[in-house]
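Accompanying notes for the structure given below.
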Amino acid sequence: MQENLMSSDGKAQTVAPQEEINEDFLDEGGIGGNTRWYTDTVTGAELADYAPVKGCMVIRPYGYALWENIKKALDDMIKETGHSNAYFPLFIPESFLKKEAEHVEGFAPECAVVTHGGGKKLEEPLIVRPTSETIINYMFAKWVQSWRDLPLLINQWANVVRWEMRTRLFLRTAEFLWQEGHTAHATAEEAEDEARTMLECYRKLAEDWLALPVLTGEKTERERFAGAVRTYCIEAMMRDGKALQAGTSHFLGQNFAKAFEIKFQSQSGQLEFAWQTSWGVSTRLIGAVVLGHGDEKGLILPPRIAPIQVVIVPIYKSDAEKETVLSSARSLEQELAKAGIRTHLDDRDNYTPGYKFNHWELRGVPVRINIGPKDISNGVVEIARRDDKEKMRGVSREGLTETISNLLETVQKAIFERALKFREENTVKAQTYDELKSILKEKSVFVEVFWDGNSEDEGKIKDECKATIRCLPFALNQEGAPKGKCMYTGRETSRKAIFAKAY
RNA sequence: CGGGGCGUAGCGCAGCUUGGUAGCGCGUCCGUUUCGGGUGCGGAAGGCCGGAGGUUCAAAUCCUCUCGCCCCGACCA
């Protein structure tokens, strides 16, 4: 915080503790270097607060508004691609989870189990859903008889619970909000297409709305969803060079269909198991926005999802000035709101303008308009951008709505470009394992390598470098991609992987 | 589960070594002054010192036991 004063005893005195965030942000690239910054920013900006239950958080109104905007954007895409929303229960019979071998192995350790209800011990314990494949597929089996019932395209917005050892606000909490899509298809090809289509929705959500460039690709066996045949993902780079998985889409093959007997009679009269997918993104996306764009002053929100896109700060001295300025500010506020711009007028009279500047910067509001007596007499306003801290004085009040709405677009693009440039500058290639090791020892980056190793090799590398294969990017694994030597095994391969430290 | 840290006013902390019944900053409330980058001044409210035992004339402080949270590792969206 730039306003920290050093008192005589050398202790930092904070001017406004509740607004404070740490400065050690980008300098500490290494693991956990910005932990404090992250927590302070999330709580300081009032996105979330710690709940009385370990690992749980309260999503505060400002954070929830952000989630609602993200949710709306994605929900529209989910519906445009033909899916319907539904809701399945929180409780799942324990026996359901056990039906798919890999699935139970993957999730059992982190499940919360309800053993009592109504003062009595339950005959069969209930699992609090960690994900809903089992209960949804149980229902699918009842609903699917014929090829005419397919495809079945369902999505639900829900909360899920995973008993995590180590939690962090938004990034990993015991309970989180998400969307989980579950579909059943007549053919493998169709299910595969579905998985890819939804991954593409996630890419658009991340890039067009959250302004976060992502790598799309496939997970290796080691990182695959428990019960899936193939797992696809979008991976984003945070401002400290670490990777964050921002969404996943799974081709489930017939694994769950067989476990839950989702069978249909095909056009040729054969009884066949359905082919399935599932896909999800969560409130973790909020963490991605915070860590993907934030700076030493706090959040930087992409205009398209920002709960408040424009904040107006009135400046005045006397009561007479106050009247004039506020009435001008109010009419400006209405003008912008009418144009569909999410605008807030900060007319609190118990805070000074300087205080408000910092307040809204911490909260990441993309554009601020300062309006004072001098501006009014000149028919102008002052505009300040959050992303590059640029100030534009004397901007004509005439046509301001259009100016602002263009500016919001500009900012949206600018922060995407900034994030993209950052990722490109922090992506390097390695030819050998030694190279990989020394690169990752230096700093957190994406490392592109030829890869022909197996899960065991991957495990060893994780132990030694703390880094994992984030994905096998589609872009680097196209038909006819060049061949090279696997950095680990030395075998010739055309497969390329991205290694990185991850959240 | 292992390692580390912390529980004292709404928030951030001091006090604990050397026991004597609690203090600072910010915030809050009232008044006044200010307002173009975290205004200044004056006044006020607010705390069974995480919990339970013990030692003592006396415990925030010493001892034992507990509970909780945060951070770091093993698991994960």
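Labels for the structure tokens follow display order: chains A, B, ..., residues from 1 in each chain, ligands from 1.
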Output as a PyMOL selection string all residues of range 187-271 of chain A that backbone DSSP marks as strand (DSSP E or B). chain A and resi 214-218+230-237+243-253+263-265+271
Sel. of alpha helix (DSSP H) residues, range 120-276 of chain A, as a PyMOL selection string: chain A and resi 133-143+188-204+255-260
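Proximity ranking of A:Glu333, A:Asp149, A:Glu200, A:Glu105 relative to Phe225 in chain A places A:Glu105 first, based on only C-alpha atoms.
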Please report the interatomic distance between CA of Pro366 in chain A and CA of Arg386 in chain A in Å with one decimal.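 Rounded to one decimal, the two atoms are 4.9 Å apart.
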For G20 in chain B: contacts at 12 Å, only C-alpha atoms (C1' of nucleotides), fewer than 3 positions along chain excluded, given as an MDAnalysis selection string: chainID B and resid 56:59 61
Okay, now the selection with C-alpha atoms (C1' of nucleotides), as a PDB file, in the first residue's frame?
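Wrote out.pdb, looks like this:
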ATOM      1  C1'   U B  56      -1.266 -17.572  43.452  1.00  0.00           C
ATOM      2  C1'   C B  57      -3.637 -12.882  48.107  1.00  0.00           C
ATOM      3  C1'   A B  58      -3.867 -11.637  42.785  1.00  0.00           C
ATOM      4  C1'   A B  59      -3.564 -14.442  35.916  1.00  0.00           C
ATOM      5  C1'   U B  61       0.579 -12.665  31.547  1.00  0.00           C
TER       6        U B  61
END
Rounded to one decimal in Å, what is the spacing between CA of Val214 in chain A and CA of Lys71 in chain A? 18.4 Å
Define the interface residues of chain B facing chain A as those within 6 Å, counting only C-alpha atoms (C1' of nucleotides), and report them as a PyMOL selection string. chain B and resi 26+35+37-38
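Neighbouring residues of G43 in chain B at 12 Å or closer, counting only C-alpha atoms (C1' of nucleotides) and skipping chain neighbours under 6 positions away, are C29, C30, G31 and U32 of chain B.
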